[in-house]
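Enquirer: Contents of model25.txt (compact mmCIF, C-alpha atoms and all ligand atoms):
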```
# COMPACT_ATOMS: atom_id res chain seq x y z
CA MET A 704 101.18 -92.75 109.06
CA ASP A 705 98.78 -95.48 108.01
CA VAL A 706 97.60 -97.87 110.71
CA VAL A 707 96.19 -101.30 109.95
CA ALA A 708 93.79 -102.50 112.65
CA PRO A 709 92.56 -106.10 112.54
CA ARG A 710 89.72 -105.09 114.91
CA LEU A 711 88.26 -101.69 115.71
CA TRP A 712 85.56 -100.30 118.02
CA ASP A 713 84.69 -96.73 117.07
CA GLY A 714 83.27 -95.53 120.41
CA LYS A 715 79.62 -95.66 119.29
CA GLY A 716 78.77 -98.86 117.45
CA GLU A 717 77.51 -102.05 119.05
CA GLY A 718 80.35 -104.25 117.92
CA LEU A 719 83.83 -104.48 116.47
CA VAL A 720 84.55 -104.07 112.79
CA GLU A 721 87.41 -105.98 111.21
CA ASP A 722 90.34 -105.10 108.98
CA ARG A 723 90.36 -101.33 108.74
CA VAL A 724 93.11 -98.92 107.75
CA LEU A 725 93.29 -95.49 109.37
CA LEU A 726 95.01 -92.77 107.39
CA ILE A 727 96.55 -90.36 109.88
CA ARG A 728 97.73 -86.99 108.67
CA ASN A 729 98.87 -84.10 110.85
CA GLY A 730 97.51 -85.78 113.97
CA LYS A 731 94.02 -86.23 112.51
CA ILE A 732 92.17 -89.21 111.09
CA LYS A 733 91.94 -88.36 107.42
CA GLY A 734 90.20 -91.54 106.36
CA ILE A 735 89.14 -95.03 107.43
CA LEU A 736 89.18 -97.69 104.73
CA PRO A 737 88.47 -101.40 104.52
CA LEU A 738 91.84 -103.17 104.21
CA GLU A 739 90.81 -104.80 100.93
CA VAL A 740 90.60 -101.47 99.08
CA TYR A 741 93.70 -99.91 100.68
CA GLU A 742 96.72 -99.26 98.53
CA PRO A 743 99.91 -98.39 100.42
CA GLY A 744 101.35 -94.99 99.57
CA PRO A 745 104.51 -93.19 100.73
CA CYS A 746 103.43 -93.04 104.40
CA PRO A 747 104.94 -95.26 107.08
CA LEU A 748 102.72 -98.27 107.69
CA LEU A 749 102.03 -99.74 111.13
CA LYS A 750 100.33 -103.11 111.36
CA LEU A 751 98.63 -103.75 114.68
CA GLU A 752 97.68 -107.07 116.18
CA GLY A 753 95.22 -105.98 118.84
CA THR A 754 91.95 -104.06 118.99
CA LEU A 755 91.84 -100.33 118.39
CA MET A 756 89.41 -98.18 120.35
CA PRO A 757 89.15 -94.47 121.25
CA GLY A 758 91.41 -93.21 124.03
CA LEU A 759 89.79 -93.16 127.46
CA VAL A 760 88.45 -90.06 129.20
CA ASP A 761 88.61 -89.41 132.95
CA ALA A 762 85.97 -86.78 133.72
CA HIS A 763 87.19 -85.96 137.24
CA VAL A 764 90.72 -85.80 138.65
CA HIS A 765 92.87 -83.52 140.81
CA LEU A 766 96.43 -83.29 139.51
CA SER A 767 97.41 -81.21 142.53
CA LEU A 768 96.84 -84.20 144.86
CA ASP A 769 98.69 -87.53 144.67
CA GLY A 770 96.10 -89.82 146.29
CA LYS A 771 98.68 -90.99 148.83
CA ASP A 772 98.70 -88.29 151.46
CA PHE A 773 96.36 -85.30 151.35
CA LYS A 774 98.30 -83.22 153.85
CA GLN A 775 101.63 -83.83 152.17
CA SER A 776 100.12 -83.04 148.78
CA ILE A 777 98.96 -79.63 149.98
CA GLU A 778 102.27 -78.91 151.74
CA ARG A 779 104.06 -79.61 148.47
CA TRP A 780 102.28 -76.64 146.85
CA TYR A 781 104.48 -74.29 148.91
CA PRO A 782 107.19 -73.81 147.77
CA PRO A 783 106.19 -75.27 144.44
CA GLN A 784 109.51 -76.56 142.96
CA ASP A 785 108.46 -80.19 143.28
CA MET A 786 105.11 -79.76 141.55
CA TRP A 787 106.51 -79.96 138.02
CA ARG A 788 108.03 -83.37 138.80
CA VAL A 789 104.89 -84.64 140.57
CA ILE A 790 102.35 -83.46 138.00
CA THR A 791 104.35 -84.52 134.93
CA GLN A 792 104.65 -88.00 136.47
CA GLU A 793 100.88 -88.10 137.11
CA LEU A 794 100.18 -86.99 133.54
CA TRP A 795 102.47 -89.70 132.21
CA ASP A 796 100.90 -92.38 134.45
CA THR A 797 97.47 -91.28 133.24
CA LEU A 798 98.39 -91.44 129.57
CA LYS A 799 100.03 -94.85 130.02
CA ALA A 800 96.71 -96.13 131.35
CA GLY A 801 95.17 -95.22 128.00
CA VAL A 802 93.52 -92.01 129.22
CA VAL A 803 93.92 -89.31 126.57
CA ALA A 804 91.79 -86.60 128.21
CA ILE A 805 91.08 -85.56 131.78
CA ARG A 806 88.98 -82.89 133.43
CA ASP A 807 90.51 -81.50 136.58
CA GLY A 808 88.05 -80.56 139.34
CA SER A 809 90.05 -77.56 140.59
CA ASP A 810 92.72 -76.67 143.09
CA GLY A 811 93.35 -73.50 145.02
CA LEU A 812 96.61 -72.60 143.25
CA ASN A 813 95.59 -73.25 139.64
CA TRP A 814 97.95 -76.20 139.12
CA ASN A 815 95.43 -77.74 136.77
CA LEU A 816 95.56 -74.71 134.49
CA GLU A 817 99.37 -74.83 134.55
CA ALA A 818 99.25 -78.51 133.62
CA LYS A 819 96.90 -77.76 130.74
CA LYS A 820 99.40 -75.23 129.41
CA TRP A 821 102.38 -77.57 129.81
CA VAL A 822 100.65 -80.29 127.79
CA ALA A 823 99.28 -77.91 125.16
CA ALA A 824 102.75 -76.40 124.66
CA GLY A 825 104.39 -79.83 124.40
CA GLN A 826 106.42 -79.23 127.57
CA ALA A 827 104.84 -82.23 129.27
CA VAL A 828 103.60 -85.50 127.80
CA GLY A 829 100.12 -86.23 129.00
CA PRO A 830 96.43 -86.29 128.21
CA VAL A 831 94.49 -83.23 127.12
CA VAL A 832 93.68 -81.33 130.32
CA VAL A 833 90.29 -79.67 130.62
CA ALA A 834 90.93 -77.09 133.33
CA THR A 835 88.55 -75.55 135.81
CA GLY A 836 91.16 -73.41 137.59
CA ARG A 837 90.00 -72.54 141.09
CA ALA A 838 86.55 -73.59 142.30
CA LEU A 839 83.76 -71.23 143.29
CA ARG A 840 82.86 -71.71 146.92
CA ARG A 841 81.66 -69.80 149.95
CA LYS A 842 83.98 -68.69 152.73
CA GLY A 843 83.73 -70.89 155.82
CA TYR A 844 82.37 -73.94 153.97
CA TYR A 845 83.89 -77.11 152.50
CA GLY A 846 86.66 -76.97 149.92
CA THR A 847 89.47 -74.69 151.13
CA PHE A 848 91.96 -76.55 148.90
CA LEU A 849 89.72 -76.20 145.84
CA GLY A 850 89.41 -72.43 145.64
CA PRO A 851 89.32 -69.18 147.58
CA GLY A 852 86.55 -68.62 150.11
CA LEU A 853 84.43 -65.78 148.77
CA GLU A 854 81.20 -64.21 149.98
CA ARG A 855 80.01 -61.51 147.63
CA ARG A 856 78.70 -61.67 144.07
CA GLU A 857 81.32 -59.20 142.85
CA GLU A 858 84.05 -61.52 144.11
CA TRP A 859 82.56 -64.57 142.38
CA GLU A 860 82.05 -62.53 139.21
CA ASP A 861 85.70 -61.40 139.28
CA LEU A 862 86.90 -64.98 139.76
CA LEU A 863 84.71 -66.19 136.90
CA LYS A 864 86.04 -63.51 134.55
CA ASP A 865 89.57 -64.26 135.63
CA GLN A 866 89.07 -67.97 134.94
CA ALA A 867 87.61 -67.36 131.49
CA ALA A 868 90.39 -64.94 130.54
CA GLY A 869 93.06 -67.25 131.96
CA GLY A 870 92.15 -70.19 129.72
CA CYS A 871 89.85 -72.32 131.88
CA ASP A 872 87.46 -74.57 129.96
CA GLN A 873 84.80 -75.13 132.60
CA VAL A 874 83.86 -73.91 136.07
CA LYS A 875 83.67 -76.01 139.22
CA ILE A 876 81.15 -75.02 141.86
CA VAL A 877 81.27 -76.57 145.32
CA LEU A 878 77.61 -76.78 146.26
CA SER A 879 77.43 -79.27 149.12
CA GLY A 880 79.97 -80.55 151.61
CA LEU A 881 81.47 -84.03 151.82
CA ILE A 882 79.70 -87.14 153.05
CA THR A 883 80.37 -87.13 156.80
CA PHE A 884 80.46 -90.92 157.49
CA ARG A 885 79.02 -90.09 160.91
CA ARG A 886 75.43 -90.89 160.06
CA TYR A 887 74.21 -92.64 156.92
CA GLY A 888 73.11 -90.08 154.34
CA GLU A 889 74.58 -87.08 156.14
CA VAL A 890 76.48 -84.54 154.03
CA GLY A 891 78.06 -81.16 154.76
CA PRO A 892 75.89 -78.06 154.35
CA VAL A 893 74.81 -76.46 151.08
CA GLN A 894 76.84 -73.33 150.35
CA PHE A 895 74.60 -71.30 148.04
CA SER A 896 70.95 -70.34 147.77
CA LEU A 897 69.14 -71.41 144.61
CA GLU A 898 69.09 -67.81 143.47
CA GLU A 899 72.86 -67.45 143.92
CA LEU A 900 73.59 -70.76 142.21
CA SER A 901 71.31 -69.95 139.26
CA TRP A 902 73.02 -66.61 138.89
CA LEU A 903 76.50 -68.23 138.98
CA VAL A 904 75.50 -70.77 136.34
CA ARG A 905 74.07 -68.04 134.10
CA ARG A 906 77.22 -65.93 134.47
CA ALA A 907 79.48 -68.91 133.73
CA HIS A 908 77.44 -69.84 130.66
CA ALA A 909 77.52 -66.23 129.45
CA LEU A 910 81.32 -66.45 129.60
CA GLY A 911 81.24 -69.68 127.58
CA LEU A 912 82.10 -71.95 130.51
CA LYS A 913 80.20 -75.14 131.29
CA VAL A 914 79.54 -75.85 134.97
CA MET A 915 80.51 -78.98 136.90
CA VAL A 916 79.05 -79.02 140.38
CA HIS A 917 80.10 -80.94 143.48
CA ALA A 918 76.77 -82.05 144.94
CA ASN A 919 75.73 -84.76 147.41
CA GLY A 920 72.34 -85.25 149.03
CA PRO A 921 68.84 -84.55 147.68
CA GLN A 922 68.81 -80.87 148.64
CA ALA A 923 71.98 -79.97 146.72
CA LEU A 924 71.08 -82.21 143.80
CA GLU A 925 67.65 -80.67 143.38
CA MET A 926 69.17 -77.22 143.52
CA ALA A 927 71.82 -78.13 140.92
CA LEU A 928 69.13 -79.41 138.57
CA ASP A 929 66.95 -76.34 139.13
CA ALA A 930 69.91 -74.07 138.40
CA GLY A 931 70.72 -75.83 135.10
CA VAL A 932 74.26 -77.09 135.75
CA ASP A 933 75.95 -79.18 133.05
CA SER A 934 77.39 -82.02 135.12
CA ILE A 935 76.90 -83.39 138.60
CA GLU A 936 79.96 -84.69 140.43
CA HIS A 937 79.61 -87.48 143.02
CA GLY A 938 75.83 -87.13 143.35
CA TYR A 939 75.48 -89.49 146.30
CA PHE A 940 72.02 -90.06 147.82
CA ALA A 941 70.03 -89.09 144.72
CA THR A 942 66.34 -90.00 144.80
CA GLU A 943 64.59 -91.73 141.89
CA GLU A 944 62.85 -88.49 141.05
CA LEU A 945 66.18 -86.65 140.87
CA LEU A 946 67.67 -89.36 138.66
CA SER A 947 64.69 -88.97 136.32
CA ARG A 948 65.31 -85.25 136.16
CA MET A 949 68.98 -85.85 135.31
CA ALA A 950 67.83 -88.01 132.41
CA GLU A 951 65.20 -85.53 131.22
CA GLN A 952 67.54 -82.55 131.40
CA GLY A 953 70.45 -84.40 129.79
CA VAL A 954 72.75 -83.55 132.70
CA TYR A 955 75.95 -85.61 132.88
CA TRP A 956 76.51 -87.58 136.06
CA CYS A 957 80.00 -88.52 137.25
CA PRO A 958 79.40 -90.86 140.23
CA THR A 959 83.06 -91.24 141.45
CA VAL A 960 82.71 -94.52 143.36
CA ALA A 961 86.43 -95.14 143.97
CA ALA A 962 86.68 -91.82 145.82
CA VAL A 963 84.47 -93.17 148.61
CA ILE A 964 85.06 -96.94 148.70
CA ASN A 965 88.86 -96.62 148.40
CA ARG A 966 88.91 -94.88 151.76
CA LEU A 967 88.66 -98.36 153.20
CA LYS A 968 91.81 -99.41 151.35
CA VAL A 969 94.25 -96.74 152.56
CA ARG A 970 96.40 -96.77 155.67
CA LYS A 971 94.11 -94.33 157.44
CA ALA A 972 91.23 -96.77 157.08
CA GLU A 973 92.26 -98.17 160.45
CA GLU A 974 91.16 -94.89 161.97
CA TYR A 975 87.53 -95.48 160.94
CA SER A 976 85.32 -97.13 163.54
CA PRO A 977 83.33 -100.25 162.56
CA HIS A 978 80.26 -97.97 162.47
CA GLN A 979 81.94 -95.59 160.01
CA LYS A 980 83.21 -98.45 157.86
CA ASP A 981 79.67 -99.76 157.70
CA ILE A 982 78.40 -96.34 156.59
CA ILE A 983 81.04 -96.13 153.84
CA LYS A 984 80.01 -99.57 152.56
CA ARG A 985 76.29 -98.75 152.65
CA THR A 986 76.91 -95.40 150.96
CA CYS A 987 78.70 -97.12 148.10
CA GLU A 988 76.06 -99.82 147.81
CA SER A 989 73.37 -97.16 147.48
CA GLN A 990 75.46 -95.36 144.84
CA LEU A 991 75.90 -98.56 142.81
CA GLY A 992 72.14 -99.14 143.04
CA ASN A 993 71.45 -95.61 141.83
CA MET A 994 73.89 -96.00 138.96
CA TYR A 995 71.97 -99.02 137.74
CA LYS A 996 68.66 -97.14 137.98
CA ALA A 997 70.19 -94.15 136.21
CA HIS A 998 71.52 -96.38 133.45
CA ARG A 999 68.09 -97.96 132.93
CA ILE A 1000 66.41 -94.57 132.46
CA GLY A 1001 69.10 -93.10 130.21
CA VAL A 1002 71.10 -90.75 132.45
CA ARG A 1003 74.28 -89.73 130.65
CA MET A 1004 76.85 -91.22 133.01
CA VAL A 1005 80.54 -90.52 132.58
CA LEU A 1006 83.53 -92.19 134.13
CA GLY A 1007 85.56 -90.11 136.56
CA THR A 1008 87.93 -91.40 139.20
CA ASP A 1009 88.45 -88.33 141.41
CA ALA A 1010 92.14 -89.32 141.24
CA GLY A 1011 94.02 -87.50 143.97
CA ALA A 1012 91.37 -88.37 146.58
CA PRO A 1013 92.62 -90.76 149.32
CA GLY A 1014 93.55 -94.11 147.79
CA VAL A 1015 92.68 -93.00 144.25
CA TYR A 1016 95.89 -92.91 142.20
CA HIS A 1017 96.36 -91.20 138.87
CA GLY A 1018 96.16 -93.62 135.98
CA ARG A 1019 95.80 -96.94 137.73
CA SER A 1020 92.53 -96.04 139.47
CA TYR A 1021 90.78 -95.84 136.10
CA GLY A 1022 90.44 -99.62 135.88
CA GLU A 1023 89.00 -99.66 139.41
CA GLU A 1024 86.27 -97.19 138.50
CA VAL A 1025 85.49 -99.29 135.40
CA ASN A 1026 85.07 -102.30 137.72
CA TYR A 1027 82.66 -100.33 139.96
CA PHE A 1028 80.53 -99.48 136.92
CA LYS A 1029 80.49 -103.20 136.13
CA GLU A 1030 79.58 -104.02 139.72
CA ALA A 1031 76.68 -101.56 139.44
CA GLY A 1032 75.28 -103.76 136.67
CA LEU A 1033 75.98 -101.74 133.54
CA ASP A 1034 76.74 -103.67 130.36
CA ASN A 1035 80.19 -103.45 128.79
CA LEU A 1036 79.08 -101.34 125.82
CA SER A 1037 77.49 -98.71 128.07
CA ILE A 1038 80.58 -98.60 130.29
CA LEU A 1039 82.87 -98.17 127.30
CA LYS A 1040 80.69 -95.34 125.96
CA ALA A 1041 80.81 -93.65 129.38
CA ALA A 1042 84.59 -94.00 129.22
CA THR A 1043 84.96 -92.59 125.69
CA SER A 1044 82.28 -90.83 123.63
CA LEU A 1045 80.11 -89.64 126.53
CA GLY A 1046 83.15 -88.56 128.54
CA ALA A 1047 84.52 -86.54 125.64
CA ALA A 1048 81.12 -84.89 125.08
CA CYS A 1049 80.88 -83.97 128.78
CA LEU A 1050 84.33 -82.40 128.59
CA GLY A 1051 83.41 -80.48 125.43
CA LEU A 1052 86.13 -82.24 123.41
CA LYS A 1053 84.62 -82.64 119.95
CA ASP A 1054 87.83 -84.09 118.50
CA LEU A 1055 88.01 -87.04 120.88
CA GLY A 1056 85.85 -89.89 122.13
CA THR A 1057 85.21 -91.69 118.84
CA ILE A 1058 87.27 -92.94 115.93
CA GLU A 1059 85.90 -91.03 112.96
CA GLU A 1060 87.19 -89.09 110.02
CA GLY A 1061 88.28 -85.60 111.01
CA LYS A 1062 88.85 -86.41 114.67
CA SER A 1063 92.17 -86.44 116.51
CA ALA A 1064 94.21 -89.60 116.24
CA CYS A 1065 94.06 -90.43 119.94
CA PHE A 1066 93.32 -94.07 120.53
CA VAL A 1067 94.55 -97.19 122.26
CA GLU A 1068 95.48 -100.65 121.06
CA LEU A 1069 94.45 -103.42 123.44
CA GLU A 1070 94.91 -107.12 123.61
CA GLY A 1071 91.54 -108.83 123.42
CA ASP A 1072 88.04 -107.50 122.90
CA PRO A 1073 86.94 -104.89 125.49
CA LEU A 1074 83.28 -105.34 124.53
CA ALA A 1075 83.51 -109.00 125.53
CA ASP A 1076 85.77 -108.48 128.55
CA LEU A 1077 86.53 -105.13 130.17
CA GLN A 1078 89.73 -106.52 131.65
CA ALA A 1079 91.16 -105.92 128.17
CA LEU A 1080 91.42 -102.25 129.22
CA LYS A 1081 94.28 -103.31 131.47
CA LYS A 1082 96.18 -104.85 128.57
CA ILE A 1083 97.13 -101.79 126.59
CA ASN A 1084 99.78 -102.35 123.93
CA ARG A 1085 100.00 -98.81 122.61
CA VAL A 1086 98.55 -95.37 123.22
CA PHE A 1087 98.32 -93.27 120.08
CA TYR A 1088 98.45 -89.67 121.01
CA PHE A 1089 99.38 -87.38 118.19
CA GLN A 1090 99.95 -83.76 118.88
CA PRO A 1091 98.32 -81.86 116.04
CA ILE A 1092 101.59 -80.38 114.75
CA PRO A 1093 101.88 -80.04 110.95
CA CYS A 1094 104.75 -82.36 110.03
CA GLY A 1095 104.18 -84.02 106.69
CA TYR A 1096 102.88 -87.52 107.15
CA GLY A 1097 101.70 -87.07 110.73
ZN ZN A 1101 87.01 -84.02 143.15
```
Show the structure stored in the file as structure tokens.
Expert:
Amino acid sequence: MDVVAPRLWDGKGEGLVEDRVLLIRNGKIKGILPLEVYEPGPCPLLKLEGTLMPGLVDAHVHLSLDGKDFKQSIERWYPPQDMWRVITQELWDTLKAGVVAIRDGSDGLNWNLEAKKWVAAGQAVGPVVVATGRALRRKGYYGTFLGPGLERREEWEDLLKDQAAGGCDQVKIVLSGLITFRRYGEVGPVQFSLEELSWLVRRAHALGLKVMVHANGPQALEMALDAGVDSIEHGYFATEELLSRMAEQGVYWCPTVAAVINRLKVRKAEEYSPHQKDIIKRTCESQLGNMYKAHRIGVRMVLGTDAGAPGVYHGRSYGEEVNYFKEAGLDNLSILKAATSLGAACLGLKDLGTIEEGKSACFVELEGDPLADLQALKKINRVFYFQPIPCGYG
């Protein structure tokens, strides 16, 4: 297929280029030509009217949770007949929102790994799933739904090997607890010593698995940076010094704002006291402030919704997280890079994130110019998502 795009943003450049033709063969971009030198061949030709840009990347979701009711989501895991219907719908909703790749931040029954296999085998239509399987965590601490509670190094080592052999792409480590909303700045306890965490990261890297770590509060964040993790998830209550270290070390930061602020939008919000509501608001304000500081000093921020968390729905929450990045004060170009090229790099997906020769033909056509107005991301005409199956013209 040949695709004529009147306007194109490639995921890296500062502006749009006009009148390009993309030659798509076997699901890959074989060439990009100026329209004036293009000569139509035997391939089907598609003329677009909108702007073409790389497909979006959501660096943090949980397919095993629906974002509506946590308890019901978990109950649905057993027996699991319904999960195919639920997850395939979530995958479809995600793709329809223009998201062509997601990284799942674990679940205790490996649904994310199943979903990865369904999509890869063409059994489900959805974005590329970067799976982390079951999370590494310590027995008796936060995260029972994310992975088994383990206590000894041999057990963690076995889980790591199992994950690598089973097809996981990355490893999720639960380092701190959740934000408590009882007292401003209070988070659940740290689960590992620095020595244990460093060892886990080394073992994961030795098995070829990058490490995403759930960390809130200065203590956990400092430990994560000392241990050499690859990406920090949530990262609430970072100090300026810790943000500088993120920048220096090139660690990705996925600040997941919707996951906290949307708690005020769900039915259960009525259960929060005015004091707790105030803490949630202040927590998010401090996160937005830190995101702006991080942006100014060059931290590699990526866009992740934490879809599945209360009030964070698969697919449609992506636009909300984009708006929070905007509210933090980032410029449109930086936000769009976080949503495409940086996200793909964080997920280890070399074929996605930019529109370039040799990459996968996964992109979206929008009405309007997203660099001028991010609301264009909500006006998606088409999602191009070619499975790389050899079939003649692609
Ligand atoms: Zn999460």
Enquirer: Residues within 7 Å of ligand ZN 1101 (chain A) (only C-alpha atoms and all ligand atoms), as a list of chain:residue names?
Expert: A:His763, A:Val764, A:His765, A:Gly808, A:Asp1009
Enquirer: For a quick check of understanding, using all atoms listed in the file, which of A:Leu881, A:Leu812, A:Ala923, A:Val904 has the smallest distance to Pro783 in chain A?
Expert: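 Answer, going by the shortest atom-to-atom distance: A:Leu812.
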Enquirer: With the cut-off set at 10 Å and counting all atoms listed in the file, tabulate each residue of range 733-794 of chain A with an atom at most that distance from an atom of range 947-970 of chain A, showing the nearest atom pair and its distance in Å to one decimal, ordered by chain and increasing number, as a tab-separated table.
Expert:
```
residue	atom	partner	partner_atom	distance
A:Asp761	CA	A:Cys957	CA	9.7
A:Ala762	CA	A:Cys957	CA	7.2
A:His763	CA	A:Cys957	CA	7.6
A:Val764	CA	A:Thr959	CA	9.8
A:Gly770	CA	A:Val969	CA	9.5
A:Lys771	CA	A:Val969	CA	8.2
A:Asp772	CA	A:Val969	CA	9.6
```
Enquirer: Could you write out the selected residues, including C-alpha atoms, as a PDB file, keeping the file's coordinate frame?
Expert:
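Wrote result.pdb, looks like this:
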```
ATOM      1  CA  ASP A 761      88.610 -89.410 132.950  1.00  0.00           C
ATOM      2  CA  ALA A 762      85.970 -86.780 133.720  1.00  0.00           C
ATOM      3  CA  HIS A 763      87.190 -85.960 137.240  1.00  0.00           C
ATOM      4  CA  VAL A 764      90.720 -85.800 138.650  1.00  0.00           C
ATOM      5  CA  GLY A 770      96.100 -89.820 146.290  1.00  0.00           C
ATOM      6  CA  LYS A 771      98.680 -90.990 148.830  1.00  0.00           C
ATOM      7  CA  ASP A 772      98.700 -88.290 151.460  1.00  0.00           C
TER       8      ASP A 772
END
```
Enquirer: Counting all atoms listed in the file, which residue out of A:Tyr939, A:Phe1066, A:Tyr975, A:Phe884 sits closest to Ala804 in chain A?
Expert: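 Of the candidates, the smallest distance to Ala804 in chain A is held by A:Phe1066.
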Enquirer: For a test of reading the model, state the distance in Å between CA of Ser934 in chain A and CA of Thr986 in chain A, rounded to one decimal.
Expert: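 For CA of Ser934 in chain A relative to CA of Thr986 in chain A, the distance reads 20.7 Å.
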Enquirer: Excluding Val828 in chain A and residues on its chain fewer than 6 positions from it, collect all residues at most 9 Å away from it, counting all atoms listed in the file, and give them as number ranges by chain.
Expert: A: 791, 794-795, 798, 821-822
Enquirer: So that I can check the surroundings of Leu878 in chain A, please list as a tab-separated table (two decimals) with C-alpha atoms, in the coordinates of the input every protein, DNA and RNA residue that reaches within 7 Å of it, counting only C-alpha atoms and ignoring chain neighbours fewer than 3 positions away.
Expert:
```tsv
chain	number	residue	atom	x	y	z
A	893	VAL	CA	74.81	-76.46	151.08
A	894	GLN	CA	76.84	-73.33	150.35
A	895	PHE	CA	74.60	-71.30	148.04
A	916	VAL	CA	79.05	-79.02	140.38
A	917	HIS	CA	80.10	-80.94	143.48
A	918	ALA	CA	76.77	-82.05	144.94
A	923	ALA	CA	71.98	-79.97	146.72
```
Enquirer: Neighbouring residues of Gly852 in chain A were defined as those with any atom within 9 Å, considering all atoms listed in the file; residues of the same chain fewer than 5 positions away were excluded. Please report them as number ranges by chain.
Expert: A: 839-844, 846-847
